[in-house]
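This is work29.pdb. It holds PDB, C-alpha atoms.
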```pdb
ATOM      1  CA  MET V  60       0.000   0.000   0.000
ATOM      2  CA  LYS V  61       2.816   2.380   0.926
ATOM      3  CA  LYS V  62       4.688   1.633  -2.312
ATOM      4  CA  GLY V  63       1.545   2.287  -4.373
ATOM      5  CA  SER V  64       0.945   5.602  -2.609
ATOM      6  CA  VAL V  65       4.492   6.739  -3.311
ATOM      7  CA  TRP V  66       4.082   5.855  -7.000
ATOM      8  CA  VAL V  67       0.807   7.805  -7.268
ATOM      9  CA  LEU V  68       2.509  10.838  -5.715
ATOM     10  CA  PHE V  69       5.377  10.532  -8.205
ATOM     11  CA  VAL V  70       3.000  10.464 -11.169
ATOM     12  CA  PHE V  71       1.069  13.412  -9.719
ATOM     13  CA  TYR V  72       4.305  15.384  -9.311
ATOM     14  CA  PHE V  73       5.401  14.610 -12.889
ATOM     15  CA  ASN V  74       1.995  15.782 -14.157
ATOM     16  CA  ARG V  75       2.200  18.987 -12.147
ATOM     17  CA  VAL V  76       5.667  20.275 -13.065
ATOM     18  CA  GLY V  77       6.302  18.742 -16.479
ATOM     19  CA  ALA V  78       3.163  18.863 -18.574
ATOM     20  CA  GLN V  79       3.629  22.225 -20.282
ATOM     21  CA  GLU V  80       7.102  21.290 -21.564
ATOM     22  CA  LEU V  81       5.976  18.221 -23.515
ATOM     23  CA  PHE V  82       6.321  20.143 -26.752
ATOM     24  CA  VAL V  83       4.524  19.094 -29.920
ATOM     25  CA  PHE V  84       7.055  19.854 -32.684
ATOM     26  CA  SER V  85      10.295  19.536 -30.693
ATOM     27  CA  GLU V  86      11.761  17.648 -27.723
ATOM     28  CA  PRO V  87      12.463  19.288 -24.327
ATOM     29  CA  ALA V  88      15.603  18.649 -22.297
ATOM     30  CA  SER V  89      13.531  16.659 -19.771
ATOM     31  CA  ASN V  90      13.011  12.924 -20.213
ATOM     32  CA  MET V  91      10.082  10.602 -19.730
ATOM     33  CA  PRO V  92       9.982   8.809 -16.331
ATOM     34  CA  ALA V  93      12.643   6.144 -15.751
ATOM     35  CA  LYS V  94      11.692   2.501 -16.452
ATOM     36  CA  SER V  95       8.639   3.593 -18.443
ATOM     37  CA  LEU V  96       7.520   2.667 -21.957
ATOM     38  CA  GLY V  97       5.743   4.977 -24.378
ATOM     39  CA  ILE V  98       3.718   4.295 -27.522
ATOM     40  CA  ARG V  99       3.258   7.210 -29.916
ATOM     41  CA  ALA V 100       1.701   7.774 -33.341
ATOM     42  CA  SER V 101       2.291  11.080 -35.158
ATOM     43  CA  ASN V 102       0.181  11.763 -38.229
ATOM     44  CA  TRP V 103       1.121  14.604 -40.595
ATOM     45  CA  LEU V 104      -1.489  15.992 -43.005
ATOM     46  CA  LEU V 105       0.401  18.235 -45.440
ATOM     47  CA  TYR V 106      -0.629  19.955 -48.638
ATOM     48  CA  ASP V 107       1.729  18.886 -51.439
ATOM     49  CA  LYS V 108       1.913  21.835 -53.829
ATOM     50  CA  THR V 109       3.796  19.801 -56.466
ATOM     51  CA  ASP V 110       1.181  17.060 -56.890
ATOM     52  CA  ASN V 111      -1.748  19.187 -55.657
ATOM     53  CA  MET V 112      -2.774  16.519 -53.131
ATOM     54  CA  LEU V 113      -2.907  15.765 -49.417
ATOM     55  CA  ASN V 114       0.335  14.186 -48.257
ATOM     56  CA  VAL V 115      -0.273  11.799 -45.350
ATOM     57  CA  GLN V 116       2.758  10.815 -43.290
ATOM     58  CA  LEU V 117       2.552   8.461 -40.308
ATOM     59  CA  ILE V 118       5.364   8.010 -37.775
ATOM     60  CA  PRO V 119       4.738   5.295 -35.154
ATOM     61  CA  GLU V 120       7.220   5.309 -32.263
ATOM     62  CA  LEU V 121       8.238   3.149 -29.333
ATOM     63  CA  MET V 122       9.855   5.159 -26.513
ATOM     64  CA  TRP V 123      11.869   3.831 -23.576
ATOM     65  CA  GLY V 124      12.849   5.722 -20.446
ATOM     66  CA  VAL V 125      16.030   3.793 -19.640
ATOM     67  CA  ASN V 126      16.806   5.848 -16.524
ATOM     68  CA  LYS V 127      16.348   9.441 -15.332
ATOM     69  CA  ASN V 128      19.002  10.692 -17.774
ATOM     70  CA  LEU V 129      18.628   8.511 -20.893
ATOM     71  CA  MET V 130      15.637   8.115 -23.239
ATOM     72  CA  LEU V 131      15.480   6.130 -26.509
ATOM     73  CA  HIS V 132      13.017   6.289 -29.426
ATOM     74  CA  PHE V 133      12.541   3.775 -32.252
ATOM     75  CA  ASP V 134      10.338   4.934 -35.124
ATOM     76  CA  GLY V 135       9.082   3.990 -38.573
ATOM     77  CA  PHE V 136       8.207   6.251 -41.519
ATOM     78  CA  PHE V 137       5.126   5.699 -43.721
ATOM     79  CA  THR V 138       3.724   7.931 -46.473
ATOM     80  CA  ASN V 139       1.383   8.087 -49.461
ATOM     81  CA  GLN V 140       3.958  10.183 -51.360
ATOM     82  CA  GLY V 141       4.133   8.967 -54.947
ATOM     83  CA  GLY V 142       1.111   6.662 -54.782
ATOM     84  CA  ASN V 143      -0.128   4.037 -52.349
ATOM     85  CA  PHE V 144       0.501   4.268 -48.610
ATOM     86  CA  HIS V 145       3.806   2.491 -47.906
ATOM     87  CA  ALA V 146       6.826   2.302 -45.592
ATOM     88  CA  VAL V 147       9.869   4.373 -46.569
ATOM     89  CA  GLY V 148      12.248   3.996 -43.635
ATOM     90  CA  ALA V 149      13.026   3.832 -39.934
ATOM     91  CA  GLY V 150      15.095   5.666 -37.366
ATOM     92  CA  THR V 151      16.306   5.826 -33.788
ATOM     93  CA  TYR V 152      16.672   8.798 -31.451
ATOM     94  CA  ALA V 153      18.547   9.102 -28.151
ATOM     95  CA  LYS V 154      18.517  11.939 -25.625
ATOM     96  CA  TYR V 155      20.802  12.211 -22.584
ATOM     97  CA  ARG V 156      20.317  14.810 -19.853
ATOM     98  CA  ILE V 157      23.638  16.422 -18.931
ATOM     99  CA  TYR V 158      22.540  19.089 -16.438
ATOM    100  CA  SER V 159      19.642  19.713 -14.072
ATOM    101  CA  ALA V 160      18.937  22.453 -11.528
ATOM    102  CA  ASP V 161      15.605  21.747  -9.824
ATOM    103  CA  ALA V 162      13.580  23.815  -7.362
ATOM    104  CA  VAL V 163       9.923  24.035  -6.292
ATOM    105  CA  ASN V 164       7.753  24.553  -9.412
ATOM    106  CA  ARG V 165      10.781  25.412 -11.550
ATOM    107  CA  HIS V 166      13.814  23.783 -13.105
ATOM    108  CA  PHE V 167      16.475  24.279 -15.758
ATOM    109  CA  ARG V 168      17.740  21.297 -17.751
ATOM    110  CA  MET V 169      20.118  20.638 -20.622
ATOM    111  CA  ALA V 170      20.427  17.539 -22.802
ATOM    112  CA  VAL V 171      22.301  16.296 -25.839
ATOM    113  CA  TYR V 172      20.597  14.249 -28.544
ATOM    114  CA  GLY V 173      21.405  12.118 -31.545
ATOM    115  CA  ARG V 174      19.328  10.707 -34.390
ATOM    116  CA  LEU V 175      20.068   8.090 -37.051
ATOM    117  CA  SER V 176      17.629   7.594 -39.946
ATOM    118  CA  LEU V 177      17.412   5.375 -43.027
ATOM    119  CA  ASN V 178      15.044   6.272 -45.843
ATOM    120  CA  ASN V 179      14.510   4.912 -49.356
ATOM    121  CA  SER V 180      12.174   7.589 -50.731
ATOM    122  CA  VAL V 181      12.917   9.866 -53.682
ATOM    123  CA  ILE V 182      14.698  13.064 -52.578
ATOM    124  CA  PHE V 183      12.328  15.710 -53.866
ATOM    125  CA  GLN V 184      13.270  18.884 -51.957
ATOM    126  CA  GLN V 185      16.199  20.887 -50.609
ATOM    127  CA  GLU V 186      14.877  20.862 -47.052
ATOM    128  CA  ILE V 187      16.674  18.267 -44.922
ATOM    129  CA  ASP V 188      14.222  16.190 -42.856
ATOM    130  CA  LEU V 189      15.478  13.095 -41.042
ATOM    131  CA  THR V 190      12.024  12.077 -39.836
ATOM    132  CA  ARG V 191      10.328  11.964 -43.226
ATOM    133  CA  ASN V 192      12.576  12.241 -46.279
ATOM    134  CA  ASN V 193      16.328  11.776 -45.718
ATOM    135  CA  SER V 194      18.898   9.212 -44.595
ATOM    136  CA  GLY V 195      21.601  10.479 -42.271
ATOM    137  CA  TYR V 196      22.308  11.541 -38.724
ATOM    138  CA  ALA V 197      21.785  14.533 -36.427
ATOM    139  CA  VAL V 198      23.349  15.682 -33.162
ATOM    140  CA  GLY V 199      22.438  18.651 -31.026
ATOM    141  CA  LEU V 200      21.841  20.422 -27.728
ATOM    142  CA  ILE V 201      18.570  21.257 -25.915
ATOM    143  CA  ALA V 202      18.031  23.693 -23.016
ATOM    144  CA  THR V 203      14.682  23.972 -21.212
ATOM    145  CA  GLN V 204      13.531  26.348 -18.460
ATOM    146  CA  LEU V 205      10.320  25.711 -16.504
ATOM    147  CA  LEU V 206       8.884  28.591 -14.457
ATOM    148  CA  HIS V 207       5.737  27.384 -12.694
ATOM    149  CA  ARG V 208       3.093  27.315 -15.479
ATOM    150  CA  GLN V 209       5.359  28.464 -18.337
ATOM    151  CA  ALA V 210       8.101  26.510 -20.122
ATOM    152  CA  ILE V 211      10.648  27.825 -22.637
ATOM    153  CA  SER V 212      12.993  25.600 -24.641
ATOM    154  CA  GLY V 213      15.651  26.072 -27.309
ATOM    155  CA  THR V 214      17.337  23.542 -29.595
ATOM    156  CA  ILE V 215      20.250  23.733 -31.997
ATOM    157  CA  GLY V 216      21.516  20.794 -34.043
ATOM    158  CA  PHE V 217      23.711  19.673 -36.925
ATOM    159  CA  ASN V 218      22.332  17.425 -39.698
ATOM    160  CA  GLN V 219      24.292  15.288 -42.175
ATOM    161  CA  VAL V 220      22.414  13.441 -44.924
ATOM    162  CA  TYR V 221      23.407  10.867 -47.547
ATOM    163  CA  ASN V 222      21.895   9.192 -50.595
ATOM    164  CA  ASN V 223      18.660   7.322 -49.940
ATOM    165  CA  GLY V 224      20.180   4.091 -51.182
ATOM    166  CA  SER V 225      21.745   3.508 -54.588
ATOM    167  CA  GLU V 226      18.601   4.421 -56.543
ATOM    168  CA  ASN V 227      17.586   7.671 -54.804
ATOM    169  CA  LYS V 228      20.655   9.888 -54.686
ATOM    170  CA  LEU V 229      21.020  13.491 -53.615
ATOM    171  CA  PRO V 230      20.773  15.750 -56.679
ATOM    172  CA  ALA V 231      24.139  17.060 -57.840
ATOM    173  CA  GLY V 232      25.103  20.244 -56.043
ATOM    174  CA  GLN V 233      22.398  19.967 -53.395
ATOM    175  CA  ALA V 234      23.461  20.689 -49.800
ATOM    176  CA  ASP V 235      23.957  17.628 -47.601
ATOM    177  CA  GLN V 236      24.511  19.467 -44.295
ATOM    178  CA  ALA V 237      22.286  21.810 -42.307
ATOM    179  CA  ILE V 238      21.867  23.581 -38.983
ATOM    180  CA  ASN V 239      18.439  23.218 -37.388
ATOM    181  CA  PHE V 240      17.163  25.464 -34.614
ATOM    182  CA  SER V 241      13.951  25.948 -32.658
ATOM    183  CA  LEU V 242      12.487  28.077 -29.886
ATOM    184  CA  SER V 243       9.421  26.734 -28.084
ATOM    185  CA  THR V 244       7.143  27.867 -25.300
ATOM    186  CA  GLY V 245       4.242  26.149 -23.573
ATOM    187  CA  ARG V 246       1.790  27.278 -20.911
ATOM    188  CA  LEU V 247      -0.419  25.239 -18.608
ATOM    189  CA  ILE V 248      -3.956  26.632 -18.938
ATOM    190  CA  PHE V 249      -5.976  24.059 -16.997
ATOM    191  CA  PRO V 250      -6.297  22.995 -14.229
ATOM    192  CA  LYS V 251      -5.787  26.192 -12.294
ATOM    193  CA  GLU V 252      -5.204  24.142  -9.150
ATOM    194  CA  TYR V 253      -4.245  20.472  -8.869
ATOM    195  CA  ILE V 254      -6.440  18.185  -6.807
ATOM    196  CA  ASN V 255      -5.494  14.750  -8.142
ATOM    197  CA  TYR V 256      -3.525  13.178 -10.988
ATOM    198  CA  LYS V 257      -6.705  12.257 -12.934
ATOM    199  CA  GLN V 258      -7.404  15.875 -13.853
ATOM    200  CA  THR V 259      -7.118  16.694 -17.548
ATOM    201  CA  ASN V 260      -4.282  19.061 -18.479
ATOM    202  CA  LEU V 261      -4.751  21.662 -21.199
ATOM    203  CA  ASN V 262      -1.540  23.221 -22.565
ATOM    204  CA  LEU V 263      -1.067  25.805 -25.304
ATOM    205  CA  MET V 264       2.169  25.748 -27.323
ATOM    206  CA  LEU V 265       3.896  28.051 -29.785
ATOM    207  CA  GLU V 266       7.061  26.956 -31.577
ATOM    208  CA  LEU V 267       9.403  28.655 -34.028
ATOM    209  CA  ALA V 268      11.619  26.355 -36.109
ATOM    210  CA  GLY V 269      14.095  26.905 -38.898
ATOM    211  CA  GLN V 270      16.936  25.495 -40.955
ATOM    212  CA  HIS V 271      20.083  26.846 -42.616
ATOM    213  CA  LEU V 272      21.744  24.859 -45.405
ATOM    214  CA  ILE V 273      25.500  24.863 -44.825
ATOM    215  CA  GLY V 274      27.479  26.183 -47.785
ATOM    216  CA  GLU V 275      24.421  27.824 -49.329
ATOM    217  CA  ASN V 276      22.538  30.995 -48.493
ATOM    218  CA  GLU V 277      19.216  29.146 -48.178
ATOM    219  CA  ASN V 278      16.990  29.049 -45.119
ATOM    220  CA  PHE V 279      13.455  28.571 -43.915
ATOM    221  CA  LEU V 280      11.496  29.628 -40.844
ATOM    222  CA  ASP V 281       8.217  28.081 -39.648
ATOM    223  CA  LEU V 282       5.719  28.937 -36.919
ATOM    224  CA  ALA V 283       3.633  26.229 -35.248
ATOM    225  CA  PRO V 284       0.845  26.824 -32.698
ATOM    226  CA  ALA V 285      -0.610  23.766 -30.959
ATOM    227  CA  VAL V 286      -3.020  22.607 -28.270
ATOM    228  CA  GLN V 287      -2.270  19.638 -26.022
ATOM    229  CA  PHE V 288      -4.433  17.498 -23.734
ATOM    230  CA  ILE V 289      -3.084  15.093 -21.108
ATOM    231  CA  PHE V 290      -5.491  12.575 -19.579
ATOM    232  CA  ASN V 291      -4.864  10.696 -16.302
ATOM    233  CA  SER V 292      -1.207  11.838 -16.400
ATOM    234  CA  GLN V 293      -0.362   9.231 -19.039
ATOM    235  CA  THR V 294      -2.348   9.688 -22.264
ATOM    236  CA  ARG V 295      -1.570  12.668 -24.484
ATOM    237  CA  LEU V 296      -3.284  14.212 -27.513
ATOM    238  CA  ASP V 297      -1.518  16.911 -29.585
ATOM    239  CA  ILE V 298      -3.096  18.949 -32.377
ATOM    240  CA  GLY V 299      -0.861  21.477 -34.123
ATOM    241  CA  TYR V 300      -0.551  23.414 -37.353
ATOM    242  CA  LYS V 301       2.805  24.309 -38.930
ATOM    243  CA  PHE V 302       3.063  27.057 -41.538
ATOM    244  CA  GLN V 303       5.928  28.690 -43.361
ATOM    245  CA  LEU V 304       6.924  32.251 -42.453
ATOM    246  CA  TYR V 305       9.865  32.492 -44.849
ATOM    247  CA  SER V 306      11.833  30.279 -47.231
ATOM    248  CA  ASN V 307      14.212  30.636 -50.170
ATOM    249  CA  MET V 308      14.706  26.884 -50.613
ATOM    250  CA  GLU V 309      12.603  24.245 -52.354
ATOM    251  CA  ARG V 310      10.050  22.693 -49.969
ATOM    252  CA  VAL V 311       7.263  20.508 -51.306
ATOM    253  CA  ALA V 312       4.835  20.551 -48.354
ATOM    254  CA  PRO V 313       5.762  23.202 -45.770
ATOM    255  CA  ASN V 314       2.251  23.732 -44.353
ATOM    256  CA  GLY V 315      -0.049  21.310 -42.612
ATOM    257  CA  PHE V 316      -1.519  19.697 -39.503
ATOM    258  CA  MET V 317       0.082  17.264 -37.113
ATOM    259  CA  ILE V 318      -2.064  15.042 -34.874
ATOM    260  CA  ARG V 319      -0.341  12.874 -32.269
ATOM    261  CA  VAL V 320      -1.544  10.315 -29.740
ATOM    262  CA  GLU V 321       0.801   9.048 -27.031
ATOM    263  CA  HIS V 322       0.365   6.684 -24.078
ATOM    264  CA  LEU V 323       2.828   6.008 -21.250
ATOM    265  CA  LEU V 324       3.158   2.754 -19.317
ATOM    266  CA  PHE V 325       4.847   3.408 -15.972
ATOM    267  CA  ASN V 326       7.315   1.144 -14.143
ATOM    268  CA  VAL V 327       7.400  -1.462 -16.929
ATOM    269  CA  PHE V 328      11.033  -2.508 -16.434
TER
END
```
Have the structure of the file written as structure tokens, please.
Amino acid sequence: MKKGSVWVLFVFYFNRVGAQELFVFSEPASNMPAKSLGIRASNWLLYDKTDNMLNVQLIPELMWGVNKNLMLHFDGFFTNQGGNFHAVGAGTYAKYRIYSADAVNRHFRMAVYGRLSLNNSVIFQQEIDLTRNNSGYAVGLIATQLLHRQAISGTIGFNQVYNNGSENKLPAGQADQAINFSLSTGRLIFPKEYINYKQTNLNLMLELAGQHLIGENENFLDLAPAVQFIFNSQTRLDIGYKFQLYSNMERVAPNGFMIRVEHLLFNVF
């Protein structure tokens, strides 16, 4: 009974201080709870201006909280690009927390991350995207500050891409390296006061994300508002819309919706 009570208090605490930094379009420096397992499905609905059609992209993920500092993701990439809905690749993502300064209702955390992706789709744009269109790797740094009901997070990362197999090569002269950056903020709107961990959380998010192609004077900048619901401290629903503010590079589908469902299983391992 005592052990169960302690676990409920831990979940309640996680819900209270961490909800508004579970960003929709980027990762915070904080990790999921240790020894937990997460199941996530992200569904992109993007308007493809080249083919004048709705581009559907599904990314199922399995997430593992190895310990308080290390989190791993394993994901697959599916799309209807070019015809029938089909698989185009897979990837893995790791995040390791390197610094934490915690206080009551506030904390500052930093983490490093790495991603490795394999993709066999046709390379149809200059934008480098390791979750939907390119093979390669990424490394970077995340810093997140939580101040009671408001969270602010920044990310900067380096991306290196390669040919998507022997049949889908990078076009001659196209950049194969990029710097990605993002600035995100989230605010807890509801509940105004916590009573128990079963209360539904409502968070509003706003994220700014961009990319600079190394060796070329080509960039883009996107803005992405989102709403997030968290049920029973373990089931999450994200609904966001990403739209282009500026770009001088070729991007096939820069604007569209992202809908994500995620469920956490605590103390699995």
Nearest residue to Ala210 of chain V out of V:Met112, V:Ala231, V:Leu242, V:Leu121, using all atoms listed in the file?
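Residue with the minimum atom-to-atom distance to Ala210 of chain V: V:Leu242.
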Closest to Leu104 of chain V among V:Ser225, V:Tyr300, V:Pro92, V:Pro119, using only C-alpha atoms?
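Smallest separation from Leu104 of chain V among the options: V:Tyr300.
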Show me as a compact mmCIF listing (two decimals) with C-alpha atoms, in the coordinates of the input the residues that reach within 6 Å of (18.4, 25.4, -28.9), counting only C-alpha atoms and using the file's own coordinates.
```txt
# COMPACT_ATOMS: atom_id res chain seq x y z
CA ILE V 201 18.57 21.26 -25.92
CA GLY V 213 15.65 26.07 -27.31
CA THR V 214 17.34 23.54 -29.60
CA ILE V 215 20.25 23.73 -32.00
CA PHE V 240 17.16 25.46 -34.61
CA SER V 241 13.95 25.95 -32.66
```
List the spatial neighbours of Ile187 of chain V as a CSV table (one decimal) with C-alpha atoms, in the coordinates of the input - criterion: any atom at most 9 Å away, all atoms listed in the file, same-chain residues fewer than 6 positions off excluded.
```csv
chain,number,residue,atom,x,y,z
V,193,ASN,CA,16.3,11.8,-45.7
V,218,ASN,CA,22.3,17.4,-39.7
V,219,GLN,CA,24.3,15.3,-42.2
V,220,VAL,CA,22.4,13.4,-44.9
V,234,ALA,CA,23.5,20.7,-49.8
V,235,ASP,CA,24.0,17.6,-47.6
V,236,GLN,CA,24.5,19.5,-44.3
V,237,ALA,CA,22.3,21.8,-42.3
V,270,GLN,CA,16.9,25.5,-41.0
V,272,LEU,CA,21.7,24.9,-45.4
```
So, with all atoms listed in the file as the atoms that count, which of V:Asn102, V:Asn239, V:Asn223, V:Asn90 lies closest to Ala153 of chain V?
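Distance minimum relative to Ala153 of chain V lands on V:Asn90.
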Excluding same-chain residues fewer than 4 positions from segment 174-177 of chain V, what lies within 10 Å of it counting only C-alpha atoms, as a count of residues only?
33
Within 12 Å of segment 82-85 of chain V, counting only C-alpha atoms, which residues show up once you throw out same-chain ones fewer than 4 positions away? Write them as a PyMOL selection string, please.
chain V and resi 77-78+89-90+99+101-103+172+190+200-203+209-216+239-247+262-269+281-288+295-301+316-321
Record the distance separating atom CA of His207 of chain V and atom CA of Leu323 of chain V, expressed in Å with one decimal.
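Going from atom CA of His207 of chain V over to atom CA of Leu323 of chain V covers 23.2 Å.
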Report as a list of chain:residue names the residues that result from applying the PyMOL selection byres ((chain V and resi 185) around 8) to the structure here.
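Answer for the PyMOL selection byres ((chain V and resi 185) around 8): V:Phe183, V:Gln184, V:Glu186, V:Ile187, V:Gln233, V:Ala234, V:Met308, V:Glu309, V:Arg310.
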What is the atom CA of Ala88 of chain V to atom CA of Arg156 of chain V distance in Å?
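Interatomic distance here is 6.6 Å.
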Given the choices V:Leu261, V:Phe290, V:Leu304, V:Pro87, which gets closest to Met169 of chain V if the distance is worked out from only C-alpha atoms?
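Residue with the minimum atom-to-atom distance to Met169 of chain V: V:Pro87.
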For Gln303 of chain V, work out the shell of residues within 8 Å, counting only C-alpha atoms and skipping chain neighbours fewer than 3 positions away, then give it as a list in words.
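Contacts, in chain order: Phe279, Leu280, Asp281, Leu282, Ser306, Pro313 and Asn314 of chain V.
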Store the residues picked out above, limited to C-alpha atoms, as a PDB file, keeping the file's coordinate frame.
```pdb
ATOM      1  CA  PHE V 279      13.455  28.571 -43.915  1.00  0.00           C
ATOM      2  CA  LEU V 280      11.496  29.628 -40.844  1.00  0.00           C
ATOM      3  CA  ASP V 281       8.217  28.081 -39.648  1.00  0.00           C
ATOM      4  CA  LEU V 282       5.719  28.937 -36.919  1.00  0.00           C
ATOM      5  CA  SER V 306      11.833  30.279 -47.231  1.00  0.00           C
ATOM      6  CA  PRO V 313       5.762  23.202 -45.770  1.00  0.00           C
ATOM      7  CA  ASN V 314       2.251  23.732 -44.353  1.00  0.00           C
TER       8      ASN V 314
END
```
Return the single residue from V:Glu86, V:Glu252, V:Asp107, V:Asp161 that is closest to Gly173 of chain V, with distances computed using all atoms listed in the file.
V:Glu86
Could you give me the centre and size, in Å to one decimal, of an axis-aligned box around all listed atoms of segment 100-116 of chain V with 8 Å added on every side, as lines of an AutoDock Vina configuration file?
```
center_x = 0.4
center_y = 14.8
center_z = -45.1
size_x = 22.7
size_y = 30.1
size_z = 39.5
```
